[in-house]
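Asks: Okay, so here is input08.txt, and as you'll see once you scroll down, it has compact mmCIF, C-alpha atoms.
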```txt
# COMPACT_ATOMS: atom_id res chain seq x y z
CA MET A 1484 9.75 -20.35 27.34
CA GLU A 1485 7.44 -23.32 26.86
CA LEU A 1486 5.22 -23.61 23.81
CA ARG A 1487 2.39 -24.68 26.11
CA LEU A 1488 2.51 -21.33 27.92
CA LEU A 1489 2.44 -19.46 24.63
CA ARG A 1490 -0.62 -21.43 23.53
CA TYR A 1491 -2.31 -20.59 26.85
CA PHE A 1492 -1.48 -16.91 26.41
CA LEU A 1493 -2.81 -16.86 22.83
CA ALA A 1494 -6.06 -18.48 23.97
CA VAL A 1495 -6.58 -15.85 26.68
CA ALA A 1496 -5.82 -13.03 24.24
CA ARG A 1497 -8.26 -14.39 21.64
CA GLU A 1498 -11.05 -15.06 24.13
CA GLN A 1499 -10.33 -11.77 25.95
CA GLY A 1500 -10.92 -13.52 29.24
CA ILE A 1501 -9.45 -16.14 31.56
CA SER A 1502 -12.65 -18.10 32.13
CA LYS A 1503 -13.55 -18.54 28.45
CA ALA A 1504 -9.96 -19.45 27.59
CA ALA A 1505 -9.80 -21.99 30.42
CA GLU A 1506 -12.97 -23.61 29.12
CA SER A 1507 -11.61 -23.86 25.56
CA LEU A 1508 -8.30 -25.27 26.84
CA HIS A 1509 -9.99 -27.73 29.23
CA VAL A 1510 -8.03 -26.48 32.24
CA THR A 1511 -9.24 -24.85 35.45
CA GLN A 1512 -9.35 -21.07 35.73
CA PRO A 1513 -6.88 -20.94 38.69
CA THR A 1514 -4.43 -23.13 36.76
CA LEU A 1515 -4.60 -20.88 33.70
CA SER A 1516 -4.23 -17.70 35.78
CA ARG A 1517 -1.16 -19.17 37.48
CA GLN A 1518 0.39 -20.13 34.12
CA ILE A 1519 -0.09 -16.60 32.78
CA MET A 1520 1.48 -15.16 35.94
CA ASP A 1521 4.45 -17.51 35.50
CA LEU A 1522 4.85 -16.30 31.91
CA GLU A 1523 4.73 -12.66 33.01
CA LYS A 1524 7.34 -13.39 35.67
CA GLU A 1525 9.60 -15.12 33.16
CA LEU A 1526 9.38 -12.19 30.73
CA GLY A 1527 9.47 -9.50 33.40
CA ALA A 1528 6.46 -7.67 31.94
CA LYS A 1529 2.72 -7.44 32.53
CA LEU A 1530 0.93 -8.95 29.55
CA LEU A 1531 -2.74 -8.51 30.42
CA GLU A 1532 -4.87 -5.95 32.21
CA ARG A 1533 -8.52 -5.61 33.07
CA SER A 1534 -10.75 -4.06 30.42
CA LYS A 1535 -12.20 -0.64 31.30
CA ASN A 1536 -15.69 -2.10 31.57
CA GLY A 1537 -14.41 -4.66 34.06
CA LYS A 1538 -15.38 -7.55 31.82
CA GLY A 1539 -12.53 -9.66 30.54
CA VAL A 1540 -8.95 -8.65 29.86
CA LYS A 1541 -7.01 -6.83 27.15
CA LEU A 1542 -3.39 -6.87 26.03
CA THR A 1543 -0.84 -4.41 27.33
CA ASN A 1544 1.78 -3.06 24.92
CA ALA A 1545 4.09 -5.89 26.00
CA GLY A 1546 1.23 -8.36 25.55
CA ALA A 1547 0.55 -7.12 22.01
CA LEU A 1548 4.23 -7.65 21.15
CA LEU A 1549 4.22 -11.16 22.60
CA TYR A 1550 0.96 -11.98 20.80
CA GLU A 1551 2.57 -11.30 17.43
CA ARG A 1552 5.75 -13.20 18.32
CA ALA A 1553 3.84 -16.10 19.87
CA GLU A 1554 1.74 -16.62 16.75
CA ASP A 1555 4.91 -16.83 14.67
CA ILE A 1556 6.64 -19.18 17.14
CA ILE A 1557 3.67 -21.56 17.30
CA SER A 1558 3.26 -21.49 13.51
CA LEU A 1559 6.95 -22.26 13.00
CA SER A 1560 6.78 -25.09 15.54
CA GLU A 1561 3.78 -26.68 13.82
CA LYS A 1562 5.38 -26.19 10.40
CA THR A 1563 8.56 -27.93 11.58
CA VAL A 1564 6.64 -30.95 12.87
CA LYS A 1565 4.78 -31.27 9.56
CA GLU A 1566 8.04 -31.02 7.64
CA PHE A 1567 9.63 -33.86 9.60
CA ASN A 1568 6.52 -35.98 9.23
CA SER A 1569 6.67 -35.52 5.46
CA LEU A 1570 10.24 -36.87 5.33
CA SER A 1571 9.14 -40.32 6.43
CA GLU A 1572 6.57 -40.80 3.67
CA GLY A 1573 7.28 -42.64 0.42
CA GLU A 1574 5.53 -40.07 -1.78
CA ILE A 1575 5.91 -36.32 -1.78
CA ILE A 1576 3.48 -34.82 0.73
CA GLY A 1577 3.55 -31.80 2.99
CA ASP A 1578 2.78 -28.10 2.99
CA VAL A 1579 4.06 -25.23 0.89
CA SER A 1580 3.58 -21.78 2.43
CA ILE A 1581 3.68 -18.70 0.21
CA ALA A 1582 3.35 -15.06 1.21
CA CYS A 1583 1.78 -13.09 -1.64
CA ALA A 1584 1.65 -9.40 -2.33
CA GLU A 1585 -1.43 -8.33 -4.28
CA SER A 1586 -0.96 -8.91 -8.01
CA LYS A 1587 -3.10 -10.34 -10.80
CA ASN A 1588 0.10 -11.99 -12.00
CA ILE A 1589 -0.05 -14.63 -9.29
CA SER A 1590 -1.79 -16.55 -12.09
CA PHE A 1591 1.76 -17.84 -12.66
CA LEU A 1592 1.61 -19.46 -9.22
CA ALA A 1593 -1.83 -20.84 -9.94
CA GLU A 1594 -0.55 -22.57 -13.09
CA CYS A 1595 2.34 -24.13 -11.16
CA ILE A 1596 0.14 -25.22 -8.26
CA LYS A 1597 -2.35 -26.85 -10.64
CA SER A 1598 0.42 -28.67 -12.50
CA LEU A 1599 2.12 -29.96 -9.33
CA LYS A 1600 -1.19 -31.02 -7.73
CA ARG A 1601 -1.73 -33.38 -10.67
CA LYS A 1602 1.58 -35.09 -9.90
CA CYS A 1603 1.55 -34.81 -6.10
CA PRO A 1604 -2.07 -34.49 -4.96
CA LYS A 1605 -1.21 -34.69 -1.25
CA ILE A 1606 0.80 -31.46 -1.25
CA GLN A 1607 -1.18 -28.66 0.38
CA PHE A 1608 -0.61 -25.00 -0.44
CA HIS A 1609 -1.13 -22.12 1.97
CA LEU A 1610 -1.21 -18.59 0.56
CA TYR A 1611 -1.05 -15.59 2.86
CA ALA A 1612 -1.83 -12.03 1.79
CA GLY A 1613 0.35 -9.15 2.85
CA ASP A 1614 2.65 -6.41 1.67
CA SER A 1615 6.20 -7.17 0.58
CA GLU A 1616 7.80 -5.94 3.80
CA ARG A 1617 5.71 -8.25 5.98
CA ALA A 1618 6.12 -11.15 3.55
CA LEU A 1619 9.92 -10.88 3.64
CA GLU A 1620 9.96 -10.62 7.43
CA LYS A 1621 8.08 -13.90 7.78
CA LEU A 1622 10.19 -15.48 5.04
CA ASP A 1623 13.32 -14.53 7.00
CA ASN A 1624 11.83 -16.10 10.13
CA GLY A 1625 11.26 -19.41 8.35
CA LEU A 1626 7.47 -19.19 8.42
CA PHE A 1627 7.13 -19.16 4.63
CA ASP A 1628 8.86 -21.18 1.93
CA PHE A 1629 8.45 -18.48 -0.73
CA ALA A 1630 7.36 -14.88 -0.97
CA VAL A 1631 5.85 -13.11 -3.95
CA ILE A 1632 6.90 -9.48 -3.86
CA VAL A 1633 6.56 -6.45 -6.11
CA GLU A 1634 9.69 -4.51 -5.25
CA ASN A 1635 13.41 -4.65 -5.92
CA VAL A 1636 15.04 -7.83 -4.62
CA ASN A 1637 18.07 -7.92 -2.34
CA LEU A 1638 20.02 -10.59 -4.23
CA LYS A 1639 22.54 -10.87 -1.39
CA LYS A 1640 19.80 -12.32 0.81
CA TYR A 1641 17.42 -14.02 -1.61
CA ASN A 1642 17.29 -16.19 -4.68
CA CYS A 1643 14.85 -14.82 -7.20
CA LEU A 1644 12.63 -16.05 -10.01
CA THR A 1645 11.08 -13.34 -12.18
CA PRO A 1646 8.35 -14.77 -14.43
CA ARG A 1647 8.31 -11.79 -16.81
CA ALA A 1648 5.11 -10.49 -15.24
CA LEU A 1649 4.50 -6.75 -15.04
CA ASP A 1650 1.81 -4.99 -13.03
CA ARG A 1651 0.56 -1.72 -14.52
CA TRP A 1652 -0.28 1.13 -12.18
CA GLY A 1653 -3.40 3.23 -12.49
CA ALA A 1654 -6.11 5.07 -10.61
CA VAL A 1655 -9.45 3.61 -9.55
CA MET A 1656 -12.26 6.14 -9.22
CA ARG A 1657 -16.03 6.37 -9.35
CA LYS A 1658 -17.46 6.46 -12.86
CA ASP A 1659 -19.27 9.70 -12.03
CA SER A 1660 -15.95 11.36 -11.15
CA THR A 1661 -14.65 14.18 -13.36
CA LEU A 1662 -11.35 12.30 -13.44
CA ALA A 1663 -13.10 9.36 -15.10
CA GLN A 1664 -13.48 11.39 -18.31
CA LYS A 1665 -9.74 11.15 -18.91
CA ARG A 1666 -8.12 8.23 -20.79
CA PHE A 1667 -4.90 8.50 -18.78
CA ILE A 1668 -3.98 10.02 -15.44
CA ALA A 1669 -0.98 12.36 -15.20
CA PRO A 1670 0.69 13.41 -11.94
CA LYS A 1671 -0.82 16.90 -12.10
CA ASP A 1672 -4.33 15.39 -12.32
CA LEU A 1673 -4.02 13.96 -8.81
CA LEU A 1674 -2.62 16.99 -6.99
CA GLY A 1675 -5.13 18.28 -4.47
CA LEU A 1676 -7.36 15.21 -4.68
CA PRO A 1677 -7.75 12.80 -1.74
CA ILE A 1678 -5.56 9.77 -2.52
CA LEU A 1679 -5.78 6.21 -1.20
CA VAL A 1680 -2.60 4.15 -1.54
CA SER A 1681 -0.62 1.37 0.10
CA ARG A 1682 2.14 2.36 2.49
CA GLN A 1683 4.63 0.32 0.49
CA ALA A 1684 3.78 2.07 -2.79
CA LEU A 1685 3.99 5.47 -1.15
CA ALA A 1686 7.53 4.70 -0.03
CA ALA A 1687 8.86 2.67 -2.98
CA ASP A 1688 6.91 3.00 -6.24
CA LEU A 1689 5.17 6.36 -6.49
CA PRO A 1690 8.05 8.76 -5.64
CA LYS A 1691 9.75 7.98 -8.97
CA TRP A 1692 6.51 8.75 -10.83
CA PHE A 1693 5.45 11.89 -8.95
CA GLY A 1694 8.97 13.25 -8.48
CA ASP A 1695 9.09 16.33 -6.25
CA ASP A 1696 5.28 16.54 -6.30
CA ILE A 1697 5.07 13.51 -4.00
CA GLU A 1698 5.22 15.92 -1.06
CA LYS A 1699 2.13 17.76 -2.36
CA LEU A 1700 -0.15 14.72 -2.34
CA ASN A 1701 -3.27 14.76 -0.19
CA ILE A 1702 -3.13 11.26 1.31
CA ALA A 1703 -6.61 10.53 2.65
CA ALA A 1704 -5.76 7.00 3.78
CA THR A 1705 -3.07 4.33 3.54
CA LEU A 1706 -3.99 0.67 3.36
CA ASP A 1707 -2.70 -2.86 2.79
CA LEU A 1708 -5.39 -4.41 0.60
CA SER A 1709 -6.75 -2.88 -2.60
CA TYR A 1710 -10.21 -4.33 -1.94
CA ASN A 1711 -10.51 -2.19 1.18
CA GLY A 1712 -9.49 0.78 -0.93
CA THR A 1713 -12.24 0.14 -3.48
CA VAL A 1714 -14.84 0.24 -0.70
CA LEU A 1715 -13.51 3.65 0.34
CA VAL A 1716 -13.62 4.83 -3.28
CA GLN A 1717 -17.24 3.69 -3.63
CA ASN A 1718 -18.08 5.82 -0.60
CA GLY A 1719 -16.49 8.91 -2.15
CA ILE A 1720 -13.48 9.10 0.16
CA GLY A 1721 -10.82 9.35 -2.54
CA CYS A 1722 -9.07 7.98 -5.59
CA LEU A 1723 -7.19 4.68 -5.24
CA LEU A 1724 -3.75 4.14 -6.78
CA THR A 1725 -3.24 0.44 -7.41
CA PHE A 1726 -2.42 -2.25 -9.98
CA ASP A 1727 -4.67 -2.95 -12.94
CA GLY A 1728 -6.90 -5.98 -12.41
CA LEU A 1729 -7.29 -5.76 -8.63
CA ALA A 1730 -10.55 -3.80 -8.57
CA ASN A 1731 -13.92 -4.73 -10.03
CA THR A 1732 -14.44 -2.13 -12.77
CA GLY A 1733 -16.91 -4.08 -14.90
CA PRO A 1734 -20.25 -2.84 -16.27
CA ASP A 1735 -22.03 -3.59 -12.99
CA SER A 1736 -19.47 -1.64 -10.92
CA GLN A 1737 -19.52 2.00 -9.84
CA LEU A 1738 -15.77 2.13 -10.43
CA CYS A 1739 -13.42 2.49 -13.38
CA PHE A 1740 -9.66 2.18 -13.88
CA ARG A 1741 -7.46 4.67 -15.74
CA PRO A 1742 -3.75 3.90 -16.36
CA LEU A 1743 -1.04 6.34 -15.31
CA LYS A 1744 0.86 8.33 -17.91
CA PRO A 1745 3.81 8.22 -18.17
CA GLU A 1746 3.37 4.47 -17.67
CA LEU A 1747 4.43 3.03 -14.34
CA THR A 1748 4.95 -0.72 -14.03
CA THR A 1749 6.27 -3.04 -11.33
CA GLU A 1750 7.84 -6.48 -11.77
CA MET A 1751 6.67 -9.46 -9.78
CA HIS A 1752 9.32 -11.69 -8.18
CA VAL A 1753 9.17 -15.04 -6.41
CA VAL A 1754 11.94 -15.12 -3.79
CA TRP A 1755 13.34 -17.56 -1.23
CA ARG A 1756 16.23 -17.39 1.23
CA ARG A 1757 19.72 -18.20 0.05
CA LYS A 1758 20.95 -21.59 1.32
CA GLN A 1759 17.37 -22.39 2.30
CA GLN A 1760 16.80 -26.03 3.24
CA PHE A 1761 13.64 -27.05 1.41
CA THR A 1762 11.23 -29.82 2.31
CA PRO A 1763 10.49 -32.29 -0.51
CA ALA A 1764 7.17 -30.51 -1.15
CA ALA A 1765 8.72 -27.04 -1.35
CA GLU A 1766 11.58 -28.31 -3.55
CA ALA A 1767 9.07 -29.96 -5.90
CA PHE A 1768 7.21 -26.66 -6.19
CA LEU A 1769 10.41 -24.74 -6.85
CA ASN A 1770 11.27 -27.16 -9.67
CA GLU A 1771 7.76 -26.72 -11.06
CA MET A 1772 8.15 -22.93 -11.08
CA MET A 1773 11.58 -23.15 -12.69
CA ALA A 1774 10.24 -25.40 -15.45
CA ALA A 1775 7.21 -23.17 -16.05
CA ASN A 1776 9.35 -20.05 -16.24
CA PHE A 1777 11.75 -21.77 -18.65
CA HIS A 1778 8.88 -22.63 -20.99
CA ARG A 1779 7.49 -19.10 -20.73
CA SER A 1780 10.69 -17.21 -21.39
CA GLY A 1781 13.10 -19.70 -22.90
CA LYS A 1782 15.54 -19.21 -20.04
CA LYS A 1783 15.66 -19.14 -16.26
CA ARG A 1784 15.96 -15.93 -14.37
```
Please render this file's structure as structure tokens.

Replies:
Amino acid sequence: MELRLLRYFLAVAREQGISKAAESLHVTQPTLSRQIMDLEKELGAKLLERSKNGKGVKLTNAGALLYERAEDIISLSEKTVKEFNSLSEGEIIGDVSIACAESKNISFLAECIKSLKRKCPKIQFHLYAGDSERALEKLDNGLFDFAVIVENVNLKKYNCLTPRALDRWGAVMRKDSTLAQKRFIAPKDLLGLPILVSRQALAADLPKWFGDDIEKLNIAATLDLSYNGTVLVQNGIGCLLTFDGLANTGPDSQLCFRPLKPELTTEMHVVWRRKQQFTPAAEAFLNEMMAANFHRSGKKR
């Protein structure tokens, strides 16, 4: 499968039409249509179909699968070229890609990035938001150099740096909510109420806090980003379970945060693949993190 064909396919999918994609790619419409047909023939699946309104095209189920894979393949190809280009330079340059779960404790990363940028100003950092499951998937595929996760680490697959950073769980609610009158939130306080929570937390973190009552929860919505959850809370859709520090709960906000009791905390980990071959830029950043963690804790984790 040629990278050129994947780029053509991605352009058609993004433009939702052959003619617009052909214009952006500077190729003729018949040429582009023929290339897409060749790709469908190679894969043995129809990738595009006409939209119901007859204007443009949309992805089939097979097309949606290829779209996700093609983005990763193109990203990995471009990342590889940049990595080889960086090897020929006299100074440390290049890109460092980091997948980050939501956590206020990524301030540790910010400190390390700031410190390394002083020494190696040509290193560029790329941070991508996402839950731990997605971050690890892309780390495994070589798309990221590091992943910041907030779940237990499989030490058979990954090396791990734990910068002694804990995230504290709590509930975000409207200040005019009856629940806001409490100093702490107990499991029984949430039973029967509409709850907003990440899919990852619902599977990994909250069962140990709720115990058997986890099955009694009224899950109004699951989400990936806490910010989206705060918008739902503001509109009275439910109570958001999330980490402290991720929602605006200041004096000018409609929202407030109340910690869970008994306390529930989650450790943040920076992980990378075992036997991973680092670029000079990624290795420099790893050394920076190791040094920063040593100074913080007095020992490496």

Asks: In terms of the shortest atom-to-atom distance over only C-alpha atoms, which of A:Leu1489, A:Val1631, A:Leu1708, A:Ile1575 is closest to Glu1525 (chain A)?

Replies: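 Looking at the shortest contact to Glu1525 (chain A), the residue is A:Leu1489.
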
Asks: Just the residues within 12 Å of Ser1534 (chain A), please, counting only C-alpha atoms, with nothing from its chain fewer than 4 positions along; format it as an NGL selection string.

Replies: :A and (1496 or 1499-1500 or 1538-1543)

Asks: Give me the residues near Asp1688 (chain A) as a count of residues only, where near means some atom within 10 Å (using only C-alpha atoms) and where sequence neighbours in that chain fewer than 2 positions away do not count.

Replies: 16

Asks: Step by step: start from the point (-0.1, -6.5, 27.7) in the file's coordinates, keep every protein, DNA or RNA residue that has an atom no farther than 10 Å from it, count only C-alpha atoms, and write the set as a PyMOL selection string.

Replies: chain A and resi 1496+1523+1528-1532+1540-1550

Asks: Quick check, in Å to one decimal: how far apart do CA of Arg1647 (chain A) and CA of Ser1615 (chain A) lie?

Replies: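 These two atoms are separated by 18.1 Å.
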
Asks: Which residues are near region 1505-1512 of chain A? Cut-off 8 Å, all atoms listed in the file, ignore same chain within fewer than 3 positions. Put them as a PDB file with C-alpha atoms, in the frame of the given file.

Replies:
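That gives us result12.pdb:
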```
ATOM      1  CA  TYR A1491      -2.310 -20.590  26.850  1.00  0.00           C
ATOM      2  CA  ALA A1494      -6.060 -18.480  23.970  1.00  0.00           C
ATOM      3  CA  VAL A1495      -6.580 -15.850  26.680  1.00  0.00           C
ATOM      4  CA  ILE A1501      -9.450 -16.140  31.560  1.00  0.00           C
ATOM      5  CA  SER A1502     -12.650 -18.100  32.130  1.00  0.00           C
ATOM      6  CA  LEU A1515      -4.600 -20.880  33.700  1.00  0.00           C
ATOM      7  CA  SER A1516      -4.230 -17.700  35.780  1.00  0.00           C
TER       8      SER A1516
END
```

Asks: Which is closest to Leu1638 (chain A) among A:Ala1767, A:Ala1593, A:Val1754, A:Asn1731, if we use all atoms listed in the file?

Replies: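 Once distances to Leu1638 (chain A) are computed over all atoms listed in the file, the minimum belongs to A:Val1754.
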
Asks: Of the candidates A:Pro1513, A:Glu1498, A:Arg1741, A:Lys1605, which one gets nearest to Pro1763 (chain A) if we count all atoms listed in the file?

Replies: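 Distance minimum relative to Pro1763 (chain A) lands on A:Lys1605.
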
Asks: Would you pick out the contacts of Ala1630 (chain A) at 12 Å or less, using all atoms listed in the file, so that residues sharing its chain but fewer than 2 positions from it are not included, and give the list as number ranges by chain?

Replies: A: 1579-1585, 1589, 1592, 1609-1623, 1625-1628, 1632-1634, 1636, 1641-1645, 1751-1756, 1769

Asks: Mind pulling up the distance from CA of Leu1723 (chain A) to CA of Leu1679 (chain A)?

Replies: 4.5 Å

Asks: Could you work out how far CA of Lys1658 (chain A) lies from CA of Asp1735 (chain A), giving the answer in Å with one decimal?

Replies: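 If I compute the distance from CA of Asp1735 (chain A) to CA of Lys1658 (chain A), I get 11.0 Å.
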
Asks: Taking all atoms listed in the file into account, which of A:Ala1730, A:Leu1599, A:Ala1654, A:Ile1697 comes nearest Ala1775 (chain A)?

Replies: A:Leu1599

Asks: Out of A:Asp1555, A:Met1484, A:Ala1669, A:Gly1675, which residue has the shortest atom-to-atom distance to Lys1524 (chain A) when counting only C-alpha atoms?

Replies: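 The closest residue to Lys1524 (chain A) is A:Met1484.
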
Asks: Using only C-alpha atoms, can you tell me which of A:Gly1728, A:Pro1677, A:Pro1745, A:Gly1653 comes closest to Ser1586 (chain A)?

Replies: A:Gly1728

Asks: Please provide the set of residues having any atom within 10 Å of Ser1660 (chain A), restricted to all atoms listed in the file, with same-chain residues fewer than 6 positions apart removed, written as JSON, numbers by chain.

Replies: {"A": [1719, 1722, 1738, 1739]}

Asks: Can you fill out region 1666-1676 of chain A with all heavy atoms and hand it back as a compact mmCIF listing (two decimals), keeping the file's coordinate frame?

Replies:
```txt
# COMPACT_ATOMS: atom_id res chain seq x y z
N ARG A 1666 -8.59 9.55 -20.37
CA ARG A 1666 -8.12 8.23 -20.79
C ARG A 1666 -6.91 7.80 -19.98
O ARG A 1666 -6.70 6.61 -19.74
CB ARG A 1666 -7.77 8.25 -22.28
CG ARG A 1666 -8.95 8.41 -23.22
CD ARG A 1666 -8.49 8.39 -24.66
NE ARG A 1666 -7.76 7.16 -24.97
CZ ARG A 1666 -6.96 7.01 -26.01
NH1 ARG A 1666 -6.74 8.03 -26.84
NH2 ARG A 1666 -6.36 5.85 -26.23
N PHE A 1667 -6.10 8.76 -19.58
CA PHE A 1667 -4.90 8.50 -18.78
C PHE A 1667 -4.84 9.51 -17.65
O PHE A 1667 -5.41 10.60 -17.74
CB PHE A 1667 -3.63 8.60 -19.63
CG PHE A 1667 -3.59 7.66 -20.80
CD1 PHE A 1667 -3.99 8.07 -22.05
CD2 PHE A 1667 -3.15 6.35 -20.62
CE1 PHE A 1667 -3.96 7.20 -23.14
CE2 PHE A 1667 -3.11 5.47 -21.69
CZ PHE A 1667 -3.52 5.89 -22.95
N ILE A 1668 -4.12 9.15 -16.60
CA ILE A 1668 -3.98 10.02 -15.44
C ILE A 1668 -2.53 10.47 -15.32
O ILE A 1668 -1.61 9.65 -15.22
CB ILE A 1668 -4.41 9.31 -14.15
CG1 ILE A 1668 -5.85 8.81 -14.27
CG2 ILE A 1668 -4.25 10.24 -12.95
CD1 ILE A 1668 -6.88 9.88 -14.51
N ALA A 1669 -2.31 11.78 -15.35
CA ALA A 1669 -0.98 12.36 -15.20
C ALA A 1669 -0.78 12.81 -13.76
O ALA A 1669 -1.76 12.99 -13.02
CB ALA A 1669 -0.82 13.55 -16.15
N PRO A 1670 0.46 12.98 -13.33
CA PRO A 1670 0.69 13.41 -11.94
C PRO A 1670 -0.09 14.65 -11.55
O PRO A 1670 -0.65 14.72 -10.45
CB PRO A 1670 2.20 13.64 -11.91
CG PRO A 1670 2.75 12.71 -12.94
CD PRO A 1670 1.72 12.70 -14.04
N LYS A 1671 -0.14 15.64 -12.45
CA LYS A 1671 -0.82 16.90 -12.10
C LYS A 1671 -2.32 16.70 -11.88
O LYS A 1671 -2.96 17.49 -11.17
CB LYS A 1671 -0.59 17.94 -13.20
CG LYS A 1671 -1.13 17.57 -14.56
CD LYS A 1671 -0.84 18.63 -15.59
CE LYS A 1671 -1.36 18.24 -16.98
NZ LYS A 1671 -2.82 18.06 -17.01
N ASP A 1672 -2.89 15.65 -12.48
CA ASP A 1672 -4.33 15.39 -12.32
C ASP A 1672 -4.70 15.01 -10.89
O ASP A 1672 -5.86 15.16 -10.48
CB ASP A 1672 -4.78 14.27 -13.26
CG ASP A 1672 -4.60 14.62 -14.72
OD1 ASP A 1672 -4.75 15.82 -15.07
OD2 ASP A 1672 -4.30 13.71 -15.52
N LEU A 1673 -3.74 14.49 -10.14
CA LEU A 1673 -4.02 13.96 -8.81
C LEU A 1673 -3.69 14.95 -7.69
O LEU A 1673 -4.06 14.71 -6.54
CB LEU A 1673 -3.23 12.67 -8.58
CG LEU A 1673 -3.58 11.53 -9.54
CD1 LEU A 1673 -2.63 10.36 -9.34
CD2 LEU A 1673 -5.02 11.08 -9.35
N LEU A 1674 -3.00 16.02 -8.02
CA LEU A 1674 -2.62 16.99 -6.99
C LEU A 1674 -3.87 17.65 -6.44
O LEU A 1674 -4.73 18.13 -7.17
CB LEU A 1674 -1.67 18.04 -7.57
CG LEU A 1674 -0.33 17.51 -8.08
CD1 LEU A 1674 0.54 18.66 -8.57
CD2 LEU A 1674 0.40 16.72 -6.99
N GLY A 1675 -3.98 17.67 -5.13
CA GLY A 1675 -5.13 18.28 -4.47
C GLY A 1675 -6.27 17.33 -4.21
O GLY A 1675 -7.16 17.62 -3.40
N LEU A 1676 -6.29 16.18 -4.89
CA LEU A 1676 -7.36 15.21 -4.68
C LEU A 1676 -7.02 14.27 -3.53
O LEU A 1676 -5.85 13.95 -3.30
CB LEU A 1676 -7.57 14.38 -5.96
CG LEU A 1676 -8.01 15.13 -7.21
CD1 LEU A 1676 -8.19 14.15 -8.37
CD2 LEU A 1676 -9.32 15.88 -6.95
```
